[in-house]
file start_13.cif (mmCIF, N, CA, C and O atoms)
data_input
loop_
_atom_site.label_atom_id
_atom_site.label_comp_id
_atom_site.auth_asym_id
_atom_site.auth_seq_id
_atom_site.Cartn_x
_atom_site.Cartn_y
_atom_site.Cartn_z
N MET A 1 -26.05 30.65 -2.96
CA MET A 1 -26.56 30.02 -4.16
C MET A 1 -27.97 30.54 -4.42
O MET A 1 -28.64 31.00 -3.51
N TRP A 2 -28.38 30.42 -5.64
CA TRP A 2 -29.71 30.86 -6.03
C TRP A 2 -30.42 29.76 -6.81
O TRP A 2 -29.79 28.93 -7.46
N LEU A 3 -31.75 29.74 -6.72
CA LEU A 3 -32.56 28.80 -7.50
C LEU A 3 -33.16 29.49 -8.71
O LEU A 3 -33.18 28.93 -9.79
N THR A 4 -33.68 30.67 -8.51
CA THR A 4 -34.25 31.45 -9.62
C THR A 4 -33.80 32.90 -9.45
O THR A 4 -33.56 33.35 -8.34
N GLY A 5 -33.65 33.58 -10.52
CA GLY A 5 -33.33 35.00 -10.47
C GLY A 5 -31.86 35.30 -10.23
O GLY A 5 -31.51 35.95 -9.26
N SER A 6 -31.00 34.88 -11.13
CA SER A 6 -29.57 35.15 -10.98
C SER A 6 -29.26 36.64 -10.97
O SER A 6 -28.34 37.08 -10.29
N ASP A 7 -30.04 37.42 -11.71
CA ASP A 7 -29.79 38.87 -11.74
C ASP A 7 -30.05 39.49 -10.37
O ASP A 7 -29.27 40.32 -9.90
N ASP A 8 -31.14 39.09 -9.72
CA ASP A 8 -31.44 39.59 -8.38
C ASP A 8 -30.35 39.17 -7.40
O ASP A 8 -29.92 39.95 -6.55
N PHE A 9 -29.91 37.93 -7.51
CA PHE A 9 -28.85 37.42 -6.64
C PHE A 9 -27.56 38.23 -6.84
O PHE A 9 -26.92 38.63 -5.88
N ALA A 10 -27.22 38.46 -8.08
CA ALA A 10 -26.00 39.21 -8.39
C ALA A 10 -26.07 40.62 -7.81
O ALA A 10 -25.11 41.10 -7.20
N ARG A 11 -27.21 41.27 -7.99
CA ARG A 11 -27.37 42.62 -7.44
C ARG A 11 -27.27 42.63 -5.93
O ARG A 11 -26.57 43.44 -5.34
N SER A 12 -27.98 41.71 -5.28
CA SER A 12 -28.01 41.72 -3.81
C SER A 12 -26.67 41.38 -3.19
O SER A 12 -26.38 41.78 -2.07
N HIS A 13 -25.83 40.64 -3.92
CA HIS A 13 -24.50 40.27 -3.40
C HIS A 13 -23.37 41.04 -4.08
O HIS A 13 -22.20 40.71 -3.90
N ARG A 14 -23.77 42.01 -4.89
CA ARG A 14 -22.81 42.87 -5.60
C ARG A 14 -21.79 42.05 -6.40
O ARG A 14 -20.58 42.26 -6.30
N LEU A 15 -22.33 41.13 -7.18
CA LEU A 15 -21.49 40.27 -8.02
C LEU A 15 -21.76 40.59 -9.49
O LEU A 15 -22.89 40.88 -9.86
N PRO A 16 -20.74 40.47 -10.31
CA PRO A 16 -20.99 40.56 -11.75
C PRO A 16 -21.89 39.39 -12.18
O PRO A 16 -21.71 38.26 -11.69
N PRO A 17 -22.84 39.60 -13.06
CA PRO A 17 -23.72 38.51 -13.50
C PRO A 17 -22.95 37.29 -14.01
O PRO A 17 -23.37 36.16 -13.80
N ARG A 18 -21.80 37.49 -14.65
CA ARG A 18 -21.04 36.35 -15.16
C ARG A 18 -20.53 35.45 -14.04
O ARG A 18 -20.37 34.25 -14.23
N LEU A 19 -20.29 36.00 -12.84
CA LEU A 19 -19.88 35.17 -11.71
C LEU A 19 -21.07 34.56 -11.00
O LEU A 19 -21.02 33.42 -10.55
N ALA A 20 -22.15 35.31 -10.91
CA ALA A 20 -23.35 34.83 -10.21
C ALA A 20 -23.90 33.57 -10.86
O ALA A 20 -24.42 32.70 -10.17
N ARG A 21 -23.77 33.45 -12.16
CA ARG A 21 -24.34 32.27 -12.83
C ARG A 21 -23.69 30.97 -12.33
O ARG A 21 -24.32 29.92 -12.32
N TYR A 22 -22.44 31.03 -11.90
CA TYR A 22 -21.77 29.83 -11.38
C TYR A 22 -22.31 29.40 -10.02
O TYR A 22 -22.01 28.32 -9.55
N LEU A 23 -23.08 30.27 -9.38
CA LEU A 23 -23.59 29.97 -8.04
C LEU A 23 -25.02 29.45 -8.05
O LEU A 23 -25.67 29.40 -7.00
N GLN A 24 -25.52 29.04 -9.20
CA GLN A 24 -26.85 28.44 -9.25
C GLN A 24 -26.84 27.16 -8.42
O GLN A 24 -25.91 26.35 -8.50
N CYS A 25 -27.88 26.97 -7.63
CA CYS A 25 -27.98 25.78 -6.79
C CYS A 25 -28.34 24.57 -7.65
O CYS A 25 -29.26 24.61 -8.46
N THR A 26 -27.57 23.51 -7.49
CA THR A 26 -27.83 22.25 -8.21
C THR A 26 -27.86 21.11 -7.21
O THR A 26 -27.41 21.23 -6.08
N ALA A 27 -28.39 19.99 -7.64
CA ALA A 27 -28.39 18.77 -6.83
C ALA A 27 -27.15 17.96 -7.19
O ALA A 27 -26.98 17.54 -8.32
N GLU A 28 -26.27 17.79 -6.23
CA GLU A 28 -25.05 17.00 -6.43
C GLU A 28 -25.25 15.63 -5.80
O GLU A 28 -25.56 15.53 -4.61
N HIS A 29 -25.10 14.61 -6.60
CA HIS A 29 -25.20 13.24 -6.09
C HIS A 29 -23.83 12.83 -5.56
O HIS A 29 -22.85 12.84 -6.30
N LEU A 30 -23.76 12.48 -4.28
CA LEU A 30 -22.49 12.06 -3.69
C LEU A 30 -21.98 10.82 -4.41
O LEU A 30 -20.80 10.70 -4.70
N MET A 31 -22.88 9.88 -4.68
CA MET A 31 -22.56 8.75 -5.55
C MET A 31 -23.38 8.99 -6.82
O MET A 31 -24.61 9.04 -6.77
N ALA A 32 -22.70 9.22 -7.92
CA ALA A 32 -23.37 9.59 -9.18
C ALA A 32 -24.42 8.57 -9.59
O ALA A 32 -24.28 7.37 -9.34
N ARG A 33 -25.45 9.08 -10.25
CA ARG A 33 -26.50 8.19 -10.74
C ARG A 33 -25.93 7.14 -11.69
O ARG A 33 -26.36 5.99 -11.67
N ARG A 34 -24.95 7.53 -12.49
CA ARG A 34 -24.36 6.57 -13.43
C ARG A 34 -23.59 5.46 -12.72
O ARG A 34 -23.30 4.43 -13.32
N ASP A 35 -23.28 5.68 -11.44
CA ASP A 35 -22.61 4.66 -10.62
C ASP A 35 -23.60 4.01 -9.66
O ASP A 35 -23.23 3.53 -8.59
N ASP A 36 -24.88 4.05 -10.04
CA ASP A 36 -25.98 3.48 -9.25
C ASP A 36 -26.32 4.28 -8.00
O ASP A 36 -26.91 3.76 -7.06
N GLY A 37 -25.96 5.56 -7.98
CA GLY A 37 -26.37 6.43 -6.87
C GLY A 37 -27.85 6.73 -6.97
O GLY A 37 -28.42 6.82 -8.05
N SER A 38 -28.48 6.89 -5.84
CA SER A 38 -29.92 7.11 -5.79
C SER A 38 -30.26 8.59 -5.64
O SER A 38 -29.40 9.41 -5.35
N ASP A 39 -31.54 8.90 -5.80
CA ASP A 39 -32.03 10.26 -5.61
C ASP A 39 -32.61 10.40 -4.20
O ASP A 39 -33.69 10.92 -4.00
N THR A 40 -31.89 9.91 -3.21
CA THR A 40 -32.36 9.95 -1.83
C THR A 40 -31.72 11.09 -1.07
O THR A 40 -30.66 11.61 -1.47
N VAL A 41 -32.33 11.47 0.03
CA VAL A 41 -31.84 12.58 0.84
C VAL A 41 -30.43 12.32 1.37
O VAL A 41 -29.67 13.26 1.60
N THR A 42 -30.05 11.08 1.53
CA THR A 42 -28.70 10.78 2.04
C THR A 42 -27.65 10.80 0.93
O THR A 42 -26.46 10.78 1.23
N ASN A 43 -28.07 10.87 -0.33
CA ASN A 43 -27.12 10.86 -1.43
C ASN A 43 -27.07 12.18 -2.21
O ASN A 43 -26.19 12.35 -3.04
N VAL A 44 -27.99 13.08 -1.96
CA VAL A 44 -28.06 14.32 -2.72
C VAL A 44 -27.82 15.51 -1.78
O VAL A 44 -28.41 15.60 -0.72
N VAL A 45 -26.90 16.39 -2.20
CA VAL A 45 -26.62 17.60 -1.44
C VAL A 45 -26.69 18.80 -2.38
O VAL A 45 -26.61 18.65 -3.59
N ALA A 46 -26.83 19.97 -1.80
CA ALA A 46 -26.82 21.20 -2.59
C ALA A 46 -25.38 21.55 -2.92
O ALA A 46 -24.49 21.45 -2.08
N ALA A 47 -25.15 21.94 -4.16
CA ALA A 47 -23.82 22.40 -4.59
C ALA A 47 -24.02 23.45 -5.66
O ALA A 47 -24.96 23.37 -6.45
N CYS A 48 -23.13 24.42 -5.69
CA CYS A 48 -23.24 25.41 -6.77
C CYS A 48 -22.90 24.72 -8.09
O CYS A 48 -22.25 23.68 -8.13
N LEU A 49 -23.35 25.33 -9.15
CA LEU A 49 -23.14 24.77 -10.49
C LEU A 49 -21.66 24.52 -10.77
O LEU A 49 -21.28 23.48 -11.31
N TRP A 50 -20.81 25.46 -10.37
CA TRP A 50 -19.38 25.33 -10.61
C TRP A 50 -18.83 24.06 -9.94
O TRP A 50 -18.15 23.26 -10.57
N CYS A 51 -19.11 23.91 -8.65
CA CYS A 51 -18.57 22.76 -7.91
C CYS A 51 -19.12 21.44 -8.46
O CYS A 51 -18.38 20.46 -8.59
N ASN A 52 -20.38 21.42 -8.82
CA ASN A 52 -20.99 20.21 -9.35
C ASN A 52 -20.31 19.82 -10.67
O ASN A 52 -19.93 18.66 -10.87
N ARG A 53 -20.13 20.77 -11.55
CA ARG A 53 -19.50 20.46 -12.85
C ARG A 53 -18.04 20.05 -12.70
O ARG A 53 -17.57 19.14 -13.36
N MET A 54 -17.32 20.75 -11.85
CA MET A 54 -15.90 20.48 -11.71
C MET A 54 -15.62 19.11 -11.11
O MET A 54 -14.61 18.49 -11.41
N ARG A 55 -16.51 18.62 -10.28
CA ARG A 55 -16.30 17.30 -9.68
C ARG A 55 -16.34 16.22 -10.76
O ARG A 55 -15.68 15.19 -10.64
N HIS A 56 -17.10 16.45 -11.81
CA HIS A 56 -17.29 15.42 -12.84
C HIS A 56 -16.56 15.72 -14.14
O HIS A 56 -16.47 14.86 -15.00
N GLN A 57 -16.02 16.92 -14.29
CA GLN A 57 -15.43 17.33 -15.56
C GLN A 57 -14.23 16.46 -15.94
O GLN A 57 -13.32 16.24 -15.16
N GLY A 58 -14.26 15.96 -17.17
CA GLY A 58 -13.14 15.22 -17.72
C GLY A 58 -12.93 13.84 -17.12
O GLY A 58 -11.89 13.24 -17.29
N ARG A 59 -13.93 13.33 -16.42
CA ARG A 59 -13.77 12.02 -15.79
C ARG A 59 -14.65 11.00 -16.50
O ARG A 59 -15.87 11.10 -16.47
N ALA A 60 -14.03 10.03 -17.12
CA ALA A 60 -14.78 8.96 -17.77
C ALA A 60 -15.27 7.97 -16.73
O ALA A 60 -16.25 7.28 -16.93
N LYS A 61 -14.57 7.92 -15.60
CA LYS A 61 -14.94 6.97 -14.54
C LYS A 61 -15.56 7.74 -13.38
O LYS A 61 -16.00 8.85 -13.53
N LYS A 62 -15.55 7.13 -12.23
CA LYS A 62 -16.18 7.71 -11.05
C LYS A 62 -15.56 9.05 -10.65
O LYS A 62 -14.36 9.25 -10.74
N ALA A 63 -16.42 9.94 -10.16
CA ALA A 63 -15.95 11.19 -9.56
C ALA A 63 -15.29 10.84 -8.23
O ALA A 63 -15.55 9.78 -7.65
N PRO A 64 -14.43 11.71 -7.72
CA PRO A 64 -13.78 11.44 -6.44
C PRO A 64 -14.82 11.29 -5.32
O PRO A 64 -15.90 11.88 -5.38
N GLU A 65 -14.49 10.51 -4.32
CA GLU A 65 -15.36 10.37 -3.15
C GLU A 65 -15.59 11.75 -2.56
O GLU A 65 -14.73 12.64 -2.62
N ALA A 66 -16.75 11.95 -1.93
CA ALA A 66 -17.16 13.27 -1.45
C ALA A 66 -16.14 13.89 -0.48
O ALA A 66 -15.78 15.05 -0.62
N LEU A 67 -15.67 13.14 0.51
CA LEU A 67 -14.73 13.71 1.49
C LEU A 67 -13.37 14.02 0.86
O LEU A 67 -12.75 15.02 1.19
N ILE A 68 -12.93 13.18 -0.04
CA ILE A 68 -11.66 13.43 -0.74
C ILE A 68 -11.80 14.68 -1.61
O ILE A 68 -10.92 15.54 -1.62
N TYR A 69 -12.92 14.79 -2.29
CA TYR A 69 -13.15 15.95 -3.14
C TYR A 69 -13.23 17.23 -2.32
O TYR A 69 -12.68 18.26 -2.70
N LYS A 70 -13.91 17.17 -1.18
CA LYS A 70 -14.01 18.35 -0.31
C LYS A 70 -12.62 18.82 0.11
O LYS A 70 -12.33 20.02 0.11
N ALA A 71 -11.73 17.88 0.46
CA ALA A 71 -10.37 18.25 0.85
C ALA A 71 -9.62 18.90 -0.31
O ALA A 71 -8.91 19.89 -0.13
N GLN A 72 -9.80 18.37 -1.52
CA GLN A 72 -9.15 18.94 -2.70
C GLN A 72 -9.64 20.36 -2.95
O GLN A 72 -8.85 21.28 -3.19
N VAL A 73 -10.94 20.55 -2.86
CA VAL A 73 -11.52 21.87 -3.10
C VAL A 73 -11.05 22.85 -2.03
O VAL A 73 -10.65 23.98 -2.34
N SER A 74 -11.05 22.42 -0.77
CA SER A 74 -10.61 23.30 0.32
C SER A 74 -9.17 23.76 0.11
O SER A 74 -8.85 24.93 0.32
N ARG A 75 -8.32 22.84 -0.32
CA ARG A 75 -6.92 23.18 -0.56
C ARG A 75 -6.80 24.20 -1.70
O ARG A 75 -6.09 25.21 -1.59
N LEU A 76 -7.52 23.98 -2.78
CA LEU A 76 -7.46 24.89 -3.91
C LEU A 76 -8.09 26.25 -3.59
O LEU A 76 -7.60 27.29 -4.05
N VAL A 77 -9.15 26.26 -2.80
CA VAL A 77 -9.75 27.53 -2.39
C VAL A 77 -8.74 28.33 -1.57
O VAL A 77 -8.58 29.54 -1.77
N ALA A 78 -8.04 27.66 -0.66
CA ALA A 78 -7.03 28.34 0.16
C ALA A 78 -5.94 28.96 -0.72
O ALA A 78 -5.39 30.01 -0.40
N LEU A 79 -5.64 28.32 -1.83
CA LEU A 79 -4.63 28.83 -2.77
C LEU A 79 -5.23 29.83 -3.77
O LEU A 79 -4.52 30.32 -4.64
N ARG A 80 -6.53 30.07 -3.66
CA ARG A 80 -7.27 30.96 -4.56
C ARG A 80 -7.21 30.46 -6.01
O ARG A 80 -7.06 31.24 -6.95
N ARG A 81 -7.32 29.16 -6.17
CA ARG A 81 -7.23 28.57 -7.51
C ARG A 81 -8.44 27.70 -7.84
O ARG A 81 -8.39 26.90 -8.75
N TRP A 82 -9.51 27.82 -7.09
CA TRP A 82 -10.63 26.92 -7.34
C TRP A 82 -11.79 27.60 -8.04
O TRP A 82 -12.11 27.32 -9.17
N HIS A 83 -12.44 28.46 -7.39
CA HIS A 83 -13.72 28.98 -7.81
C HIS A 83 -13.56 30.35 -8.47
O HIS A 83 -12.68 31.10 -8.09
N PRO A 84 -14.39 30.68 -9.44
CA PRO A 84 -14.28 32.00 -10.06
C PRO A 84 -14.35 33.13 -9.04
O PRO A 84 -13.73 34.16 -9.20
N LEU A 85 -15.11 32.95 -7.96
CA LEU A 85 -15.19 33.98 -6.93
C LEU A 85 -13.91 34.07 -6.13
O LEU A 85 -13.53 35.14 -5.67
N ALA A 86 -13.22 32.95 -5.96
CA ALA A 86 -11.95 32.98 -5.22
C ALA A 86 -10.93 33.81 -5.98
O ALA A 86 -10.22 34.61 -5.39
N SER A 87 -10.87 33.64 -7.27
CA SER A 87 -9.89 34.38 -8.05
C SER A 87 -10.32 35.83 -8.29
O SER A 87 -9.51 36.66 -8.68
N SER A 88 -11.60 36.13 -7.99
CA SER A 88 -12.07 37.51 -8.17
C SER A 88 -11.71 38.39 -6.98
O SER A 88 -11.92 39.59 -7.03
N GLY A 89 -11.20 37.77 -5.90
CA GLY A 89 -10.88 38.54 -4.71
C GLY A 89 -12.02 38.62 -3.72
O GLY A 89 -11.88 39.18 -2.65
N ARG A 90 -13.15 38.02 -4.03
CA ARG A 90 -14.30 38.07 -3.12
C ARG A 90 -14.29 36.91 -2.13
O ARG A 90 -14.98 36.96 -1.13
N GLY A 91 -13.57 35.84 -2.45
CA GLY A 91 -13.45 34.71 -1.54
C GLY A 91 -14.69 33.83 -1.48
O GLY A 91 -15.79 34.28 -1.75
N VAL A 92 -14.49 32.59 -1.19
CA VAL A 92 -15.57 31.63 -0.97
C VAL A 92 -15.14 30.73 0.16
O VAL A 92 -13.96 30.60 0.47
N SER A 93 -16.09 30.07 0.77
CA SER A 93 -15.75 29.08 1.80
C SER A 93 -16.37 27.76 1.41
O SER A 93 -17.38 27.71 0.73
N VAL A 94 -15.75 26.69 1.86
CA VAL A 94 -16.22 25.36 1.52
C VAL A 94 -16.57 24.64 2.79
O VAL A 94 -15.89 24.76 3.79
#
call {"tool": "encode", "arguments": {"input": "start_13.cif", "output": "structure tokens"}}
result
Amino acid sequence: MWLTGSDDFARSHRLPPRLARYLQCTAEHLMARRDDGSDTVTNVVAACLWCNRMRHQGRAKKAPEALIYKAQVSRLVALRRWHPLASSGRGVSV
């Protein structure tokens, strides 16, 4: 993941810029702020932009619990159906 300089990150990891943008580091709240989650070290983890957005996409209610979501993502990554990098043939790990 990168915080600043997606172009440098893409070059150093030999990724197309369009894929590197999905790997921007974001703060993922394990319990969402809208569900009264706090901005504490025990509730916030680093997640790439893609994973952060996908956990909440299309959900009017609560996002899945963190461990349940991790299992879902792991299963989809194994099937190469989760992350843009997985389908690019470069692979990702969760």
call {"tool": "closest_residue", "arguments": {"input": "start_13.cif", "among": "A:Ala46, A:Cys51, A:Ala71, A:Met1", "to": "His83 (chain A)", "atoms": "all atoms listed in the file"}}
result
A:Cys51
call {"tool": "resolve_selection", "arguments": {"input": "start_13.cif", "expression": "the PyMOL selection byres ((chain A and resi 52) around 8)", "output": "ChimeraX atom specification"}}
result
/A:22,24,26-29,46-51,53-57
call {"tool": "atom_distance", "arguments": {"input": "start_13.cif", "atom1": "CA of His13 (chain A)", "atom2": "CA of Arg81 (chain A)"}}
result
21.3 Å
call {"tool": "atom_distance", "arguments": {"input": "start_13.cif", "atom1": "atom C of Trp2 (chain A)", "atom2": "CA of Lys61 (chain A)"}}
result
28.6 Å
call {"tool": "select_by_dssp", "arguments": {"input": "start_13.cif", "residues": "region 45-78 of chain A", "states": "strand (DSSP E or B)", "output": "list of chain:residue names"}}
result
A:Val45, A:Ala46, A:Ala47, A:Cys48
call {"tool": "select_by_dssp", "arguments": {"input": "start_13.cif", "residues": "chain A", "states": "helix (DSSP H, G or I)", "output": "ChimeraX atom specification"}}
result
/A:6-12,17-23,33-35,49-56,66-78,84-87
call {"tool": "residues_around", "arguments": {"input": "start_13.cif", "residues": "region 41-43 of chain A", "least_positions_apart": "2", "cutoff": "6 Å", "atoms": "all atoms listed in the file", "output": "VMD selection string"}}
result
chain A and resid 28 to 31 38 to 39 45
call {"tool": "residues_around", "arguments": {"input": "start_13.cif", "residues": "Leu19 (chain A)", "least_positions_apart": "3", "cutoff": "8 Å", "atoms": "only N, CA, C and O atoms", "output": "number ranges by chain"}}
result
A: 6, 10, 15-16, 22-24, 50, 84-85
call {"tool": "write_last_selection", "arguments": {"input": "start_13.cif", "atoms": "N, CA, C and O atoms", "output": "compact mmCIF listing (two decimals), keeping the file's coordinate frame"}}
result
# COMPACT_ATOMS: atom_id res chain seq x y z
N SER A 6 -31.00 34.88 -11.13
CA SER A 6 -29.57 35.15 -10.98
C SER A 6 -29.26 36.64 -10.97
O SER A 6 -28.34 37.08 -10.29
N ALA A 10 -27.22 38.46 -8.08
CA ALA A 10 -26.00 39.21 -8.39
C ALA A 10 -26.07 40.62 -7.81
O ALA A 10 -25.11 41.10 -7.20
N LEU A 15 -22.33 41.13 -7.18
CA LEU A 15 -21.49 40.27 -8.02
C LEU A 15 -21.76 40.59 -9.49
O LEU A 15 -22.89 40.88 -9.86
N PRO A 16 -20.74 40.47 -10.31
CA PRO A 16 -20.99 40.56 -11.75
C PRO A 16 -21.89 39.39 -12.18
O PRO A 16 -21.71 38.26 -11.69
N TYR A 22 -22.44 31.03 -11.90
CA TYR A 22 -21.77 29.83 -11.38
C TYR A 22 -22.31 29.40 -10.02
O TYR A 22 -22.01 28.32 -9.55
N LEU A 23 -23.08 30.27 -9.38
CA LEU A 23 -23.59 29.97 -8.04
C LEU A 23 -25.02 29.45 -8.05
O LEU A 23 -25.67 29.40 -7.00
N GLN A 24 -25.52 29.04 -9.20
CA GLN A 24 -26.85 28.44 -9.25
C GLN A 24 -26.84 27.16 -8.42
O GLN A 24 -25.91 26.35 -8.50
N TRP A 50 -20.81 25.46 -10.37
CA TRP A 50 -19.38 25.33 -10.61
C TRP A 50 -18.83 24.06 -9.94
O TRP A 50 -18.15 23.26 -10.57
N PRO A 84 -14.39 30.68 -9.44
CA PRO A 84 -14.28 32.00 -10.06
C PRO A 84 -14.35 33.13 -9.04
O PRO A 84 -13.73 34.16 -9.20
N LEU A 85 -15.11 32.95 -7.96
CA LEU A 85 -15.19 33.98 -6.93
C LEU A 85 -13.91 34.07 -6.13
O LEU A 85 -13.53 35.14 -5.67
call {"tool": "atom_distance", "arguments": {"input": "start_13.cif", "atom1": "CA of Arg33 (chain A)", "atom2": "CA of Lys62 (chain A)"}}
result
10.3 Å
call {"tool": "build_atoms", "arguments": {"input": "start_13.cif", "residues": "region 65-74 of chain A", "atoms": "all heavy atoms", "output": "compact mmCIF listing (two decimals), in the frame of the given file"}}
result
# COMPACT_ATOMS: atom_id res chain seq x y z
N GLU A 65 -14.49 10.51 -4.32
CA GLU A 65 -15.36 10.37 -3.15
C GLU A 65 -15.59 11.75 -2.56
O GLU A 65 -14.73 12.64 -2.62
CB GLU A 65 -14.72 9.45 -2.12
CG GLU A 65 -14.58 8.01 -2.58
CD GLU A 65 -15.93 7.34 -2.83
OE1 GLU A 65 -16.89 7.61 -2.08
OE2 GLU A 65 -16.01 6.55 -3.78
N ALA A 66 -16.75 11.95 -1.93
CA ALA A 66 -17.16 13.27 -1.45
C ALA A 66 -16.14 13.89 -0.48
O ALA A 66 -15.78 15.05 -0.62
CB ALA A 66 -18.53 13.19 -0.80
N LEU A 67 -15.67 13.14 0.51
CA LEU A 67 -14.73 13.71 1.49
C LEU A 67 -13.37 14.02 0.86
O LEU A 67 -12.75 15.02 1.19
CB LEU A 67 -14.57 12.78 2.69
CG LEU A 67 -15.80 12.69 3.60
CD1 LEU A 67 -15.56 11.67 4.71
CD2 LEU A 67 -16.17 14.04 4.16
N ILE A 68 -12.93 13.18 -0.04
CA ILE A 68 -11.66 13.43 -0.74
C ILE A 68 -11.80 14.68 -1.61
O ILE A 68 -10.92 15.54 -1.62
CB ILE A 68 -11.25 12.20 -1.58
CG1 ILE A 68 -10.88 11.04 -0.65
CG2 ILE A 68 -10.11 12.53 -2.53
CD1 ILE A 68 -10.71 9.72 -1.35
N TYR A 69 -12.92 14.79 -2.29
CA TYR A 69 -13.15 15.95 -3.14
C TYR A 69 -13.23 17.23 -2.32
O TYR A 69 -12.68 18.26 -2.70
CB TYR A 69 -14.42 15.74 -3.96
CG TYR A 69 -14.64 16.81 -4.99
CD1 TYR A 69 -13.78 16.95 -6.07
CD2 TYR A 69 -15.71 17.68 -4.88
CE1 TYR A 69 -13.98 17.93 -7.02
CE2 TYR A 69 -15.92 18.66 -5.83
CZ TYR A 69 -15.04 18.79 -6.89
OH TYR A 69 -15.25 19.75 -7.82
N LYS A 70 -13.91 17.17 -1.18
CA LYS A 70 -14.01 18.35 -0.31
C LYS A 70 -12.62 18.82 0.11
O LYS A 70 -12.33 20.02 0.11
CB LYS A 70 -14.86 18.06 0.91
CG LYS A 70 -15.01 19.26 1.81
CD LYS A 70 -15.87 18.99 3.01
CE LYS A 70 -15.95 20.24 3.87
NZ LYS A 70 -16.74 20.07 5.06
N ALA A 71 -11.73 17.88 0.46
CA ALA A 71 -10.37 18.25 0.85
C ALA A 71 -9.62 18.90 -0.31
O ALA A 71 -8.91 19.89 -0.13
CB ALA A 71 -9.62 17.02 1.36
N GLN A 72 -9.80 18.37 -1.52
CA GLN A 72 -9.15 18.94 -2.70
C GLN A 72 -9.64 20.36 -2.95
O GLN A 72 -8.85 21.28 -3.19
CB GLN A 72 -9.44 18.09 -3.94
CG GLN A 72 -8.78 16.74 -3.96
CD GLN A 72 -9.28 15.89 -5.12
OE1 GLN A 72 -10.28 16.19 -5.75
NE2 GLN A 72 -8.57 14.80 -5.38
N VAL A 73 -10.94 20.55 -2.86
CA VAL A 73 -11.52 21.87 -3.10
C VAL A 73 -11.05 22.85 -2.03
O VAL A 73 -10.65 23.98 -2.34
CB VAL A 73 -13.06 21.79 -3.15
CG1 VAL A 73 -13.68 23.19 -3.15
CG2 VAL A 73 -13.52 21.01 -4.37
N SER A 74 -11.05 22.42 -0.77
CA SER A 74 -10.61 23.30 0.32
C SER A 74 -9.17 23.76 0.11
O SER A 74 -8.85 24.93 0.32
CB SER A 74 -10.74 22.58 1.67
OG SER A 74 -12.09 22.34 1.95
